[in-house]
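As provided, upload.cif (mmCIF, C-alpha atoms) reads as follows.
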data_data
loop_
_atom_site.label_atom_id
_atom_site.label_comp_id
_atom_site.auth_asym_id
_atom_site.auth_seq_id
_atom_site.Cartn_x
_atom_site.Cartn_y
_atom_site.Cartn_z
CA MET A 291 30.89 -17.28 8.10
CA ILE A 292 29.77 -17.40 11.74
CA LYS A 293 31.64 -14.18 12.46
CA HIS A 294 29.97 -12.56 9.49
CA SER A 295 26.56 -13.77 10.67
CA LEU A 296 27.14 -12.33 14.15
CA ASN A 297 28.13 -9.01 12.60
CA LEU A 298 24.98 -9.13 10.51
CA ILE A 299 22.80 -9.62 13.55
CA GLU A 300 24.48 -6.71 15.32
CA GLU A 301 23.83 -4.59 12.27
CA LEU A 302 20.20 -5.68 12.24
CA LYS A 303 19.82 -4.80 15.92
CA ILE A 304 21.31 -1.35 15.32
CA ALA A 305 18.97 -0.83 12.38
CA GLU A 306 16.01 -2.01 14.46
CA ASN A 307 16.87 0.31 17.37
CA ASP A 308 17.31 3.21 14.98
CA MET A 309 14.00 2.44 13.30
CA ASN A 310 12.16 2.19 16.60
CA LEU A 311 13.66 5.51 17.71
CA GLN A 312 12.53 7.19 14.51
CA LEU A 313 9.07 5.64 14.76
CA GLU A 314 8.73 6.69 18.40
CA ARG A 315 9.55 10.28 17.41
CA TYR A 316 7.07 10.09 14.55
CA TYR A 317 4.24 8.73 16.69
CA PHE A 318 4.98 11.22 19.46
CA LEU A 319 4.58 13.98 16.91
CA LYS A 320 1.53 12.34 15.35
CA THR A 321 -0.25 12.00 18.70
CA SER A 322 0.80 15.36 20.11
CA LYS A 323 -1.88 18.01 20.57
CA PHE A 324 0.14 20.56 18.60
CA TYR A 325 0.35 18.22 15.59
CA LYS A 326 -3.38 17.45 15.66
CA VAL A 327 -4.37 21.10 15.88
CA LEU A 328 -1.97 21.98 13.07
CA ARG A 329 -3.17 19.15 10.83
CA ASP A 330 -6.91 19.31 11.52
CA ILE A 331 -7.50 23.02 12.15
CA VAL A 332 -4.72 25.43 11.19
CA ILE A 333 -3.55 24.02 7.84
CA PRO A 334 -7.03 23.24 6.44
CA PHE A 335 -8.27 26.69 7.48
CA CYS A 336 -5.35 28.42 5.73
CA PHE A 337 -5.75 26.45 2.52
CA LYS A 338 -9.52 26.86 2.58
CA PHE A 339 -9.11 30.62 2.96
CA ILE A 340 -6.52 30.89 0.18
CA SER A 341 -8.40 28.62 -2.22
CA LYS A 342 -11.51 30.81 -2.12
CA VAL A 343 -9.55 33.48 -3.96
CA PHE A 344 -9.67 31.30 -7.07
CA ARG A 345 -12.75 30.44 -9.14
CA SER A 346 -14.22 26.97 -8.72
CA LYS A 347 -15.59 26.58 -12.24
CA VAL A 348 -15.01 22.92 -12.97
CA ASP A 349 -13.04 21.80 -16.02
CA GLU A 350 -14.87 18.65 -17.17
CA ASN A 351 -11.65 17.37 -18.72
CA LEU A 352 -9.39 17.69 -15.63
CA ILE A 353 -8.44 14.77 -13.38
CA ILE A 354 -5.98 15.10 -10.48
CA MET A 355 -4.22 12.31 -8.61
CA GLY A 356 -1.82 11.96 -5.70
CA ALA A 357 -0.47 9.32 -3.32
CA TYR A 358 1.05 8.90 0.12
CA SER A 359 0.81 12.57 1.17
CA GLY A 360 2.46 13.70 -2.06
CA ASN A 361 5.68 11.82 -1.34
CA SER A 362 5.40 8.83 -3.69
CA TYR A 363 4.33 7.64 -7.10
CA MET A 364 2.73 4.27 -6.44
CA ASP A 365 -0.34 2.20 -5.65
CA ASN A 366 -3.83 2.47 -7.17
CA THR A 367 -3.57 6.07 -8.30
CA LYS A 368 -0.29 5.40 -10.14
CA TYR A 369 -1.78 2.59 -12.20
CA LEU A 370 -4.97 4.52 -12.88
CA PHE A 371 -2.89 7.57 -13.85
CA GLU A 372 -0.92 5.57 -16.41
CA PHE A 373 -4.09 3.89 -17.71
CA LEU A 374 -5.73 7.27 -18.36
CA ASN A 375 -2.59 8.70 -19.95
CA LYS A 376 -2.59 5.83 -22.44
CA ARG A 377 -6.28 5.39 -23.06
CA SER A 378 -8.12 8.67 -22.54
CA ASN A 379 -8.16 12.26 -23.76
CA TYR A 380 -8.48 13.71 -20.27
CA ARG A 381 -5.96 16.13 -18.84
CA VAL A 382 -4.54 13.97 -16.06
CA VAL A 383 -2.25 15.70 -13.53
CA TRP A 384 -0.10 14.11 -10.84
CA PHE A 385 0.47 16.08 -7.60
CA THR A 386 3.70 15.74 -5.63
CA LYS A 387 5.79 17.68 -3.13
CA SER A 388 8.93 15.75 -4.09
CA ARG A 389 11.15 17.80 -6.39
CA GLY A 390 12.97 14.64 -7.48
CA LEU A 391 9.73 12.87 -8.40
CA LEU A 392 8.55 16.00 -10.20
CA VAL A 393 11.57 15.93 -12.52
CA GLU A 394 11.44 12.15 -12.97
CA LEU A 395 7.80 12.05 -14.05
CA ARG A 396 8.10 15.10 -16.28
CA ASN A 397 11.02 13.43 -18.04
CA LYS A 398 8.65 10.56 -18.80
CA GLY A 399 6.28 13.02 -20.45
CA TYR A 400 3.67 13.15 -17.71
CA ASN A 401 1.81 16.23 -16.53
CA VAL A 402 3.04 16.85 -12.98
CA VAL A 403 2.50 19.78 -10.63
CA TYR A 404 4.36 20.75 -7.47
CA MET A 405 1.55 20.63 -4.92
CA LEU A 406 2.83 23.37 -2.57
CA SER A 407 2.06 26.12 -5.05
CA LEU A 408 -0.70 28.48 -6.11
CA ASP A 409 -0.94 26.68 -9.45
CA ALA A 410 -1.82 23.50 -7.55
CA ILE A 411 -4.62 25.25 -5.66
CA LYS A 412 -5.99 26.71 -8.90
CA LEU A 413 -6.10 23.27 -10.50
CA LEU A 414 -7.75 21.63 -7.50
CA ARG A 415 -10.52 24.20 -7.56
CA LYS A 416 -11.25 23.24 -11.19
CA ALA A 417 -10.82 19.46 -11.02
CA ARG A 418 -13.69 17.27 -12.16
CA PHE A 419 -12.28 14.19 -10.42
CA ILE A 420 -9.64 13.71 -7.70
CA PHE A 421 -8.21 10.28 -6.82
CA LEU A 422 -6.41 9.63 -3.50
CA THR A 423 -4.69 6.71 -1.72
CA HIS A 424 -4.64 7.95 1.90
CA GLY A 425 -6.49 11.22 2.30
CA VAL A 426 -6.80 14.86 1.37
CA TYR A 427 -3.11 15.47 2.07
CA ASP A 428 -2.30 13.41 -1.02
CA VAL A 429 -3.20 16.71 -2.69
CA LEU A 430 -4.15 19.71 -0.52
CA PRO A 431 -6.96 20.34 2.02
CA ILE A 432 -8.62 23.18 0.08
CA ASP A 433 -12.25 24.17 -0.35
CA PHE A 434 -13.24 21.87 -3.21
CA SER A 435 -15.93 22.65 -5.73
CA PRO A 436 -19.21 20.83 -4.99
CA LYS A 437 -19.03 19.52 -8.57
CA THR A 438 -15.71 17.80 -7.93
CA GLU A 439 -15.96 14.06 -7.24
CA ILE A 440 -13.29 12.70 -4.89
CA ILE A 441 -12.51 9.00 -4.90
CA MET A 442 -10.52 7.33 -2.11
CA THR A 443 -8.89 4.40 -3.91
CA TRP A 444 -7.36 3.38 -0.55
CA HIS A 445 -4.28 1.17 -0.34
CA GLY A 446 -5.27 -2.22 0.96
CA THR A 447 -7.99 -4.60 2.07
CA VAL A 448 -8.61 -3.81 5.73
CA ILE A 449 -7.28 -6.54 8.03
CA LYS A 450 -5.89 -4.34 10.78
CA ASP A 451 -7.71 -1.52 12.54
CA ILE A 452 -7.52 1.84 10.75
CA THR A 453 -9.99 3.87 12.82
CA GLU A 454 -7.20 5.32 14.97
CA ASP A 455 -5.82 6.98 11.84
CA PHE A 456 -8.96 9.10 11.63
CA ASP A 457 -10.37 9.43 15.14
CA ALA A 458 -8.10 12.32 16.17
CA THR A 459 -10.00 14.74 13.96
CA TYR A 460 -13.13 14.32 16.05
CA SER A 461 -11.33 15.66 19.10
CA TYR A 462 -11.77 19.03 17.42
CA LYS A 463 -15.19 18.43 15.90
CA LYS A 464 -16.52 21.72 17.29
CA TRP A 465 -13.81 23.82 15.63
CA VAL A 466 -14.06 21.82 12.41
CA ARG A 467 -17.76 22.66 12.32
CA ILE A 468 -17.36 26.33 13.29
CA LEU A 469 -14.65 26.96 10.67
CA LYS A 470 -16.54 24.87 8.10
CA LEU A 471 -13.53 22.68 7.45
CA LYS A 472 -13.36 19.30 5.73
CA SER A 473 -10.76 17.42 7.71
CA TYR A 474 -12.36 14.01 8.11
CA PRO A 475 -12.68 11.77 5.01
CA ASN A 476 -16.48 11.56 5.08
CA GLN A 477 -16.62 15.34 4.75
CA TYR A 478 -15.02 15.43 1.33
CA ILE A 479 -14.87 11.98 -0.30
CA ASP A 480 -17.61 10.70 -2.58
CA TYR A 481 -16.53 7.07 -2.89
CA VAL A 482 -14.23 4.51 -1.26
CA LEU A 483 -12.81 1.76 -3.45
CA THR A 484 -12.38 -1.88 -2.37
CA PRO A 485 -11.79 -5.22 -4.08
CA ALA A 486 -13.80 -7.17 -1.46
CA ARG A 487 -17.39 -8.27 -1.96
CA GLY A 488 -18.25 -9.26 1.62
CA LYS A 489 -20.79 -7.48 3.79
CA TYR A 490 -18.46 -7.51 6.78
CA GLU A 491 -15.62 -6.01 4.75
CA HIS A 492 -17.95 -3.20 3.64
CA GLU A 493 -19.08 -2.61 7.21
CA ILE A 494 -15.45 -2.16 8.30
CA LEU A 495 -14.96 0.57 5.69
CA THR A 496 -18.25 2.36 6.41
CA LYS A 497 -17.37 2.45 10.11
CA ALA A 498 -13.75 3.52 9.60
CA PHE A 499 -14.56 6.27 7.10
CA ARG A 500 -17.95 7.07 8.62
CA VAL A 501 -19.60 6.97 5.22
CA ASP A 502 -22.83 5.49 3.89
CA SER A 503 -22.61 1.97 2.48
CA THR A 504 -23.62 3.32 -0.94
CA LYS A 505 -20.24 5.05 -1.12
CA ILE A 506 -18.34 1.76 -1.00
CA LEU A 507 -17.44 0.59 -4.51
CA ASP A 508 -16.37 -3.07 -4.72
CA LEU A 509 -14.93 -2.70 -8.22
CA GLY A 510 -11.37 -3.91 -7.54
CA TYR A 511 -8.00 -2.18 -7.27
CA PRO A 512 -6.41 -0.70 -10.42
CA ARG A 513 -2.96 -1.68 -9.13
CA ASN A 514 -3.84 -5.36 -9.52
CA ASP A 515 -4.72 -5.19 -13.21
CA ILE A 516 -1.04 -5.70 -14.01
CA LEU A 517 -1.18 -9.16 -12.42
CA PHE A 518 -3.34 -10.24 -15.37
CA ASP A 519 -1.59 -8.31 -18.13
CA TYR A 520 2.04 -9.33 -18.61
CA ASN A 521 4.06 -11.76 -20.71
CA ILE A 522 7.18 -13.87 -20.21
CA GLU A 523 9.45 -11.14 -21.59
CA PHE A 524 8.13 -8.63 -19.06
CA LYS A 525 8.59 -11.10 -16.21
CA GLN A 526 12.18 -11.77 -17.31
CA LYS A 527 12.89 -8.04 -17.34
CA LEU A 528 11.55 -7.78 -13.80
CA ARG A 529 13.71 -10.68 -12.63
CA LYS A 530 16.71 -8.87 -14.05
CA LYS A 531 15.62 -5.58 -12.49
CA TYR A 532 15.46 -7.17 -9.03
CA GLY A 533 18.71 -9.11 -9.44
CA ILE A 534 17.30 -12.65 -9.68
CA PRO A 535 20.01 -15.01 -11.04
CA LYS A 536 19.02 -17.15 -14.05
CA ASN A 537 19.57 -20.40 -12.16
CA ILE A 538 16.98 -19.55 -9.50
CA LYS A 539 13.88 -21.75 -9.80
CA ARG A 540 11.80 -20.31 -6.95
CA VAL A 541 11.47 -16.73 -5.71
CA ILE A 542 10.18 -16.38 -2.13
CA LEU A 543 8.92 -12.94 -1.17
CA TYR A 544 8.80 -11.94 2.50
CA ALA A 545 6.59 -8.86 2.80
CA PRO A 546 5.60 -8.12 6.42
CA THR A 547 3.23 -5.29 7.23
CA PHE A 548 4.25 -2.02 8.86
CA ARG A 549 4.68 -2.15 12.64
CA ASP A 550 3.77 0.70 14.97
CA ALA A 551 6.47 2.09 17.27
CA GLY A 552 7.59 -0.31 19.98
CA SER A 553 6.48 -3.59 18.37
CA LEU A 554 8.96 -3.96 15.52
CA ARG A 555 11.66 -6.59 15.70
CA PHE A 556 13.54 -8.60 13.10
CA PRO A 557 12.49 -12.26 13.69
CA PHE A 558 15.57 -14.02 12.26
CA LYS A 559 18.58 -14.76 14.49
CA ASP A 560 22.08 -15.55 13.23
CA LYS A 561 21.62 -19.33 13.01
CA ASP A 562 18.18 -18.84 11.43
CA LEU A 563 19.74 -16.87 8.60
CA GLU A 564 22.43 -19.47 8.05
CA ASP A 565 19.89 -22.31 8.02
CA LEU A 566 17.60 -20.39 5.68
CA ASN A 567 20.46 -19.63 3.30
CA THR A 568 21.44 -23.32 3.23
CA LEU A 569 17.87 -24.39 2.53
CA LEU A 570 17.55 -21.87 -0.29
CA LYS A 571 20.81 -23.01 -1.87
CA LYS A 572 19.71 -26.64 -1.92
CA SER A 573 16.38 -25.81 -3.60
CA ASP A 574 17.71 -23.18 -6.06
CA SER A 575 15.54 -20.57 -4.35
CA ILE A 576 16.03 -16.96 -3.36
CA PHE A 577 14.50 -15.08 -0.42
CA LEU A 578 13.50 -11.46 -1.08
CA PHE A 579 12.89 -9.33 2.00
CA LYS A 580 10.58 -6.42 1.18
CA GLY A 581 10.80 -4.13 4.20
CA HIS A 582 9.24 -0.74 4.88
CA ALA A 583 11.26 2.02 6.55
CA TYR A 584 15.04 2.25 6.98
CA GLU A 585 15.69 -1.18 5.46
CA LYS A 586 18.73 0.23 3.63
CA LYS A 587 20.62 -0.12 6.94
CA ILE A 588 20.28 -3.90 6.71
CA ASN A 589 22.93 -5.74 4.68
CA PHE A 590 22.80 -9.50 4.14
CA GLY A 591 26.34 -9.50 2.76
CA GLU A 592 27.66 -13.01 2.02
CA LEU A 593 24.27 -14.66 2.45
CA GLU A 594 23.85 -14.82 -1.31
CA TYR A 595 20.40 -16.40 -1.35
CA ILE A 596 18.83 -13.79 0.94
CA HIS A 597 18.34 -10.38 -0.65
CA LEU A 598 16.96 -7.14 0.66
CA VAL A 599 14.72 -5.45 -1.92
CA LYS A 600 16.24 -2.02 -2.40
CA LYS A 601 14.30 1.17 -2.93
CA PRO A 602 12.61 2.05 -5.16
CA SER A 603 10.60 -1.12 -5.54
CA GLU A 604 7.08 -1.84 -6.75
CA ILE A 605 5.19 -4.48 -4.79
CA GLN A 606 3.02 -5.50 -7.76
CA GLU A 607 6.16 -6.21 -9.79
CA LEU A 608 7.50 -8.34 -6.96
CA LEU A 609 4.24 -10.30 -6.87
CA ILE A 610 4.66 -11.13 -10.55
CA ILE A 611 8.14 -12.62 -10.16
CA SER A 612 7.45 -14.37 -6.84
CA ASP A 613 6.42 -18.02 -6.56
CA LEU A 614 5.59 -17.90 -2.86
CA LEU A 615 4.58 -15.11 -0.46
CA ILE A 616 5.31 -14.94 3.25
CA SER A 617 3.40 -12.20 5.05
CA ASP A 618 1.35 -11.59 8.20
CA TYR A 619 -1.31 -8.89 8.58
CA SER A 620 -0.72 -7.20 5.23
CA SER A 621 -3.39 -6.99 2.54
CA VAL A 622 -0.69 -7.85 0.01
CA THR A 623 -1.78 -11.41 0.81
CA PHE A 624 -5.09 -10.87 -0.97
CA ASP A 625 -3.45 -9.16 -3.93
CA PHE A 626 -1.14 -12.16 -4.29
CA LEU A 627 -4.07 -14.58 -4.16
CA LEU A 628 -5.10 -13.26 -7.58
CA THR A 629 -2.10 -15.21 -8.90
CA MET A 630 -3.27 -18.33 -6.99
CA LYS A 631 0.30 -19.04 -5.88
CA PRO A 632 0.93 -20.33 -2.31
CA VAL A 633 1.02 -18.15 0.80
CA ILE A 634 2.45 -18.64 4.30
CA LEU A 635 1.39 -16.39 7.17
CA PHE A 636 4.16 -15.61 9.67
CA PRO A 637 2.60 -13.51 12.49
CA TYR A 638 5.52 -13.95 14.90
CA ASP A 639 4.28 -11.07 17.11
CA LEU A 640 0.54 -11.77 16.97
CA GLU A 641 -0.23 -11.07 20.64
CA VAL A 642 1.70 -7.79 20.60
CA TYR A 643 0.06 -6.71 17.37
CA GLU A 644 -3.45 -7.55 18.52
CA LYS A 645 -2.99 -5.55 21.73
CA GLY A 646 -1.50 -2.63 19.82
CA ARG A 647 -2.94 -1.92 16.40
CA GLY A 648 -5.63 -4.61 16.56
CA LEU A 649 -7.15 -6.91 13.92
CA HIS A 650 -10.64 -7.19 12.46
CA TYR A 651 -10.31 -10.93 11.93
CA ASP A 652 -9.17 -14.13 13.53
CA LEU A 653 -6.25 -14.97 11.23
CA ARG A 654 -7.20 -18.65 11.31
CA GLU A 655 -10.47 -17.81 9.55
CA ILE A 656 -8.90 -15.91 6.66
CA ALA A 657 -5.55 -17.66 6.28
CA PRO A 658 -5.05 -18.90 2.68
CA GLY A 659 -2.14 -21.06 3.81
CA PRO A 660 -0.40 -22.38 6.94
CA ILE A 661 0.16 -20.04 9.90
CA VAL A 662 3.58 -20.32 11.55
CA TYR A 663 4.75 -18.41 14.60
CA ASP A 664 8.49 -19.09 14.74
CA VAL A 665 11.38 -19.35 12.32
CA GLU A 666 11.97 -23.05 12.95
CA THR A 667 8.43 -23.93 11.84
CA LEU A 668 8.74 -21.55 8.92
CA LEU A 669 11.83 -23.37 7.65
CA GLU A 670 10.10 -26.74 8.04
CA THR A 671 7.15 -25.42 6.03
CA LEU A 672 9.43 -24.13 3.28
CA GLN A 673 10.98 -27.58 3.00
CA ASN A 674 7.53 -29.00 2.26
CA ILE A 675 6.14 -26.19 0.15
CA GLU A 676 4.95 -28.51 -2.66
CA LYS A 677 2.62 -30.27 -0.18
CA VAL A 678 1.43 -26.89 1.12
CA GLU A 679 0.64 -25.73 -2.40
CA VAL A 680 -1.60 -28.73 -3.04
CA LYS A 681 -3.17 -28.90 0.44
CA TYR A 682 -4.29 -25.26 0.50
CA LYS A 683 -5.31 -24.83 -3.14
CA LYS A 684 -9.06 -24.99 -2.41
CA ILE A 685 -8.70 -22.68 0.61
CA ARG A 686 -6.78 -20.13 -1.49
CA GLU A 687 -9.63 -20.11 -3.98
CA GLU A 688 -12.23 -19.57 -1.25
CA ILE A 689 -10.34 -16.77 0.52
CA SER A 690 -9.52 -15.06 -2.76
CA ALA A 691 -13.19 -15.14 -3.79
CA ARG A 692 -14.11 -13.47 -0.48
CA PHE A 693 -11.58 -10.65 -0.67
CA ASN A 694 -11.40 -10.26 -4.46
CA LYS A 695 -14.81 -9.94 -6.09
CA TYR A 696 -13.25 -9.89 -9.54
CA HIS A 697 -10.40 -11.91 -11.06
CA ASP A 698 -10.10 -10.39 -14.51
CA GLY A 699 -7.66 -7.44 -14.54
CA LYS A 700 -10.35 -4.91 -15.45
CA SER A 701 -10.63 -2.89 -12.24
CA SER A 702 -9.58 0.38 -13.88
CA GLU A 703 -12.16 -0.07 -16.60
CA ARG A 704 -14.94 -0.80 -14.11
CA LEU A 705 -14.14 2.26 -11.99
CA LEU A 706 -13.99 4.61 -14.96
CA THR A 707 -17.19 3.16 -16.39
CA PHE A 708 -18.97 3.72 -13.07
CA LEU A 709 -17.79 7.35 -13.01
CA ASN A 710 -18.75 7.85 -16.67
CA ILE A 711 -15.18 8.65 -17.66
CA PRO A 712 -14.73 7.58 -21.30
CA PHE A 713 -11.60 5.69 -22.34
CA ASP A 714 -10.34 3.83 -25.41
CA ARG A 715 -11.14 0.14 -25.41
CA PRO A 716 -8.73 -2.32 -27.07
#

Transcribe the structure of this file into structure tokens.
Amino acid sequence: MIKHSLNLIEELKIAENDMNLQLERYYFLKTSKFYKVLRDIVIPFCFKFISKVFRSKVDENLIIMGAYSGNSYMDNTKYLFEFLNKRSNYRVVWFTKSRGLLVELRNKGYNVVYMLSLDAIKLLRKARFIFLTHGVYDVLPIDFSPKTEIIMTWHGTVIKDITEDFDATYSYKKWVRILKLKSYPNQYIDYVLTPARGKYEHEILTKAFRVDSTKILDLGYPRNDILFDYNIEFKQKLRKKYGIPKNIKRVILYAPTFRDAGSLRFPFKDKDLEDLNTLLKKSDSIFLFKGHAYEKKINFGELEYIHLVKKPSEIQELLIISDLLISDYSSVTFDFLLTMKPVILFPYDLEVYEKGRGLHYDLREIAPGPIVYDVETLLETLQNIEKVEVKYKKIREEISARFNKYHDGKSSERLLTFLNIPFDRP
């Protein structure tokens, strides 16, 4: 067992080094002058020029959605897309540049368009509404009709700094203005969605997106409606889907946030994993590790109570089957608070993260549960989780009320009502 554990750690180190190498290459490209010029000037200009060939007469019945630069089918737009397909008469179209996803969604009967095509440009010019998770590259950076309303559903309550994701565009503000491009979010979006009610939370979004406060809609996230609308049978199906044995009484989800290049490291050493596995076995618990990139290179092997969540996985589904969440700087914490189940924050690299990406909050002020900084303390906390659940119940309620204005599973309905998009009511 010890030999296996040592092999596991070596495998984790290799995976970590490989991930860091890939991330370093990505961030070098992302911060390079060539990439910025291509993204903010050349590509938008080309699409703007091509799109003007097509008429921009808006089809009042056409809604277009995309996510994660056209690479994924997930998050707020996914849940809103499925809601509208079930409960409206609108023509709802999903945009993707993944051929595999195109086939998969069409087989489910959905209207899907390959976004790198002239047909996609034609549709965008006619869309009445467009919903995004990250930005205009969820669809295409064309010249949109002034009658088209574009809604940034976003993808998380802002804990960490996001301004650096947008600031690069302003390096070329002169050329953006001369060429009449719309590269920065505030130049094309009409609304930004958030679940948070607080003034400070709204100020963060207005500053990051450089939009007026009237464009911030605190109506809730469509993706979280599912947390209020499921039954025991559905939960059992999800447990089976994610390989949870029937004898398991407690599911512990570890969902750390994404790390920028150079700050990522796996916090568990060989003995830590062995101790954690032993603790889980004694309490009939299972530990699900929901990673981000390249996690398929990690294999927990004989550690039967520690599982890596394989792709594809849906975080909202994992929240339903989980009895406890361990996270750090991720907004998944606030989504999970809608279930009122216990949370542990594990910011093992807090100083590094604050100096790098940066945080908008002191974690101690928004923590809905205990904050632990090392694995030893984490294991001790897990051993006393019943006490934690009781001790922090009131705090969970207070933090959830701050970052979730609504607790009713009707976020999709509120958003569509605000936009005057009719839908069938049960």

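Using only C-alpha atoms, the protein and nucleic acid residues lying no more than 10 Å from A:Lys387, apart from those fewer than 3 places from it along its own chain, are Gly356, Ser359, Gly360, Asn361, Ser362, Gly390, Leu391, Leu392, Val403, Tyr404, Met405, Leu406, Ser407, Asp428 and Val429 of chain A.
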
Next on the checklist: Using the chain letters and numbers from this file, what does the PyMOL selection byres ((chain A and resi 562-576) around 12) select? Give the answer as a ChimeraX atom specification.
Outcome noted: /A:291-296,298-299,302,529,532-544,556-561,577-579,590-599,611-615,664-676

Atoms kept (C-alpha atoms) for selection, written as an mmCIF file, in the coordinates of the input:
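Output file again.cif follows:
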data_model
loop_
_atom_site.group_PDB
_atom_site.id
_atom_site.type_symbol
_atom_site.label_atom_id
_atom_site.label_comp_id
_atom_site.auth_asym_id
_atom_site.auth_seq_id
_atom_site.Cartn_x
_atom_site.Cartn_y
_atom_site.Cartn_z
ATOM 1 C CA MET A 291 30.890 -17.280 8.100
ATOM 2 C CA ILE A 292 29.770 -17.400 11.740
ATOM 3 C CA LYS A 293 31.640 -14.180 12.460
ATOM 4 C CA HIS A 294 29.970 -12.560 9.490
ATOM 5 C CA SER A 295 26.560 -13.770 10.670
ATOM 6 C CA LEU A 296 27.140 -12.330 14.150
ATOM 7 C CA LEU A 298 24.980 -9.130 10.510
ATOM 8 C CA ILE A 299 22.800 -9.620 13.550
ATOM 9 C CA LEU A 302 20.200 -5.680 12.240
ATOM 10 C CA ARG A 529 13.710 -10.680 -12.630
ATOM 11 C CA TYR A 532 15.460 -7.170 -9.030
ATOM 12 C CA GLY A 533 18.710 -9.110 -9.440
ATOM 13 C CA ILE A 534 17.300 -12.650 -9.680
ATOM 14 C CA PRO A 535 20.010 -15.010 -11.040
ATOM 15 C CA LYS A 536 19.020 -17.150 -14.050
ATOM 16 C CA ASN A 537 19.570 -20.400 -12.160
ATOM 17 C CA ILE A 538 16.980 -19.550 -9.500
ATOM 18 C CA LYS A 539 13.880 -21.750 -9.800
ATOM 19 C CA ARG A 540 11.800 -20.310 -6.950
ATOM 20 C CA VAL A 541 11.470 -16.730 -5.710
ATOM 21 C CA ILE A 542 10.180 -16.380 -2.130
ATOM 22 C CA LEU A 543 8.920 -12.940 -1.170
ATOM 23 C CA TYR A 544 8.800 -11.940 2.500
ATOM 24 C CA PHE A 556 13.540 -8.600 13.100
ATOM 25 C CA PRO A 557 12.490 -12.260 13.690
ATOM 26 C CA PHE A 558 15.570 -14.020 12.260
ATOM 27 C CA LYS A 559 18.580 -14.760 14.490
ATOM 28 C CA ASP A 560 22.080 -15.550 13.230
ATOM 29 C CA LYS A 561 21.620 -19.330 13.010
ATOM 30 C CA PHE A 577 14.500 -15.080 -0.420
ATOM 31 C CA LEU A 578 13.500 -11.460 -1.080
ATOM 32 C CA PHE A 579 12.890 -9.330 2.000
ATOM 33 C CA PHE A 590 22.800 -9.500 4.140
ATOM 34 C CA GLY A 591 26.340 -9.500 2.760
ATOM 35 C CA GLU A 592 27.660 -13.010 2.020
ATOM 36 C CA LEU A 593 24.270 -14.660 2.450
ATOM 37 C CA GLU A 594 23.850 -14.820 -1.310
ATOM 38 C CA TYR A 595 20.400 -16.400 -1.350
ATOM 39 C CA ILE A 596 18.830 -13.790 0.940
ATOM 40 C CA HIS A 597 18.340 -10.380 -0.650
ATOM 41 C CA LEU A 598 16.960 -7.140 0.660
ATOM 42 C CA VAL A 599 14.720 -5.450 -1.920
ATOM 43 C CA ILE A 611 8.140 -12.620 -10.160
ATOM 44 C CA SER A 612 7.450 -14.370 -6.840
ATOM 45 C CA ASP A 613 6.420 -18.020 -6.560
ATOM 46 C CA LEU A 614 5.590 -17.900 -2.860
ATOM 47 C CA LEU A 615 4.580 -15.110 -0.460
ATOM 48 C CA ASP A 664 8.490 -19.090 14.740
ATOM 49 C CA VAL A 665 11.380 -19.350 12.320
ATOM 50 C CA GLU A 666 11.970 -23.050 12.950
ATOM 51 C CA THR A 667 8.430 -23.930 11.840
ATOM 52 C CA LEU A 668 8.740 -21.550 8.920
ATOM 53 C CA LEU A 669 11.830 -23.370 7.650
ATOM 54 C CA GLU A 670 10.100 -26.740 8.040
ATOM 55 C CA THR A 671 7.150 -25.420 6.030
ATOM 56 C CA LEU A 672 9.430 -24.130 3.280
ATOM 57 C CA GLN A 673 10.980 -27.580 3.000
ATOM 58 C CA ASN A 674 7.530 -29.000 2.260
ATOM 59 C CA ILE A 675 6.140 -26.190 0.150
ATOM 60 C CA GLU A 676 4.950 -28.510 -2.660
#

Next on the checklist: I'd like to know which of A:Ile452, A:Ile432, A:Leu483, A:Val343 is closest to A:Gly510, using only C-alpha atoms.
Outcome noted: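 Of A:Ile452, A:Ile432, A:Leu483, A:Val343, the one nearest A:Gly510, counting only C-alpha atoms, is A:Leu483.
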
Expanded to explicit residues, what is the PyMOL selection byres ((chain A and resi 349) around 8) for this file, as a PDB file with C-alpha atoms, in the frame of the given file?
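For reference, expr32.pdb as written:
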ATOM      1  CA  LYS A 347     -15.590  26.580 -12.240  1.00  0.00           C
ATOM      2  CA  VAL A 348     -15.010  22.920 -12.970  1.00  0.00           C
ATOM      3  CA  GLU A 350     -14.870  18.650 -17.170  1.00  0.00           C
ATOM      4  CA  ASN A 351     -11.650  17.370 -18.720  1.00  0.00           C
ATOM      5  CA  LEU A 352      -9.390  17.690 -15.630  1.00  0.00           C
ATOM      6  CA  LYS A 416     -11.250  23.240 -11.190  1.00  0.00           C
ATOM      7  CA  ALA A 417     -10.820  19.460 -11.020  1.00  0.00           C
ATOM      8  CA  ARG A 418     -13.690  17.270 -12.160  1.00  0.00           C
TER       9      ARG A 418
END

Item to check | Explicit residue set for the PyMOL selection byres ((chain A and resi 337) around 10), as a VMD selection string | outcome: chain A and resid 332 to 336 338 to 342 411 430 to 433 471

Dump of C-alpha atoms for the selected residues, as a tab-separated table (two decimals), in the coordinates of the input:
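Ended up saving to part.tsv:
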chain	number	residue	atom	x	y	z
A	332	VAL	CA	-4.72	25.43	11.19
A	333	ILE	CA	-3.55	24.02	7.84
A	334	PRO	CA	-7.03	23.24	6.44
A	335	PHE	CA	-8.27	26.69	7.48
A	336	CYS	CA	-5.35	28.42	5.73
A	338	LYS	CA	-9.52	26.86	2.58
A	339	PHE	CA	-9.11	30.62	2.96
A	340	ILE	CA	-6.52	30.89	0.18
A	341	SER	CA	-8.40	28.62	-2.22
A	342	LYS	CA	-11.51	30.81	-2.12
A	411	ILE	CA	-4.62	25.25	-5.66
A	430	LEU	CA	-4.15	19.71	-0.52
A	431	PRO	CA	-6.96	20.34	2.02
A	432	ILE	CA	-8.62	23.18	0.08
A	433	ASP	CA	-12.25	24.17	-0.35
A	471	LEU	CA	-13.53	22.68	7.45
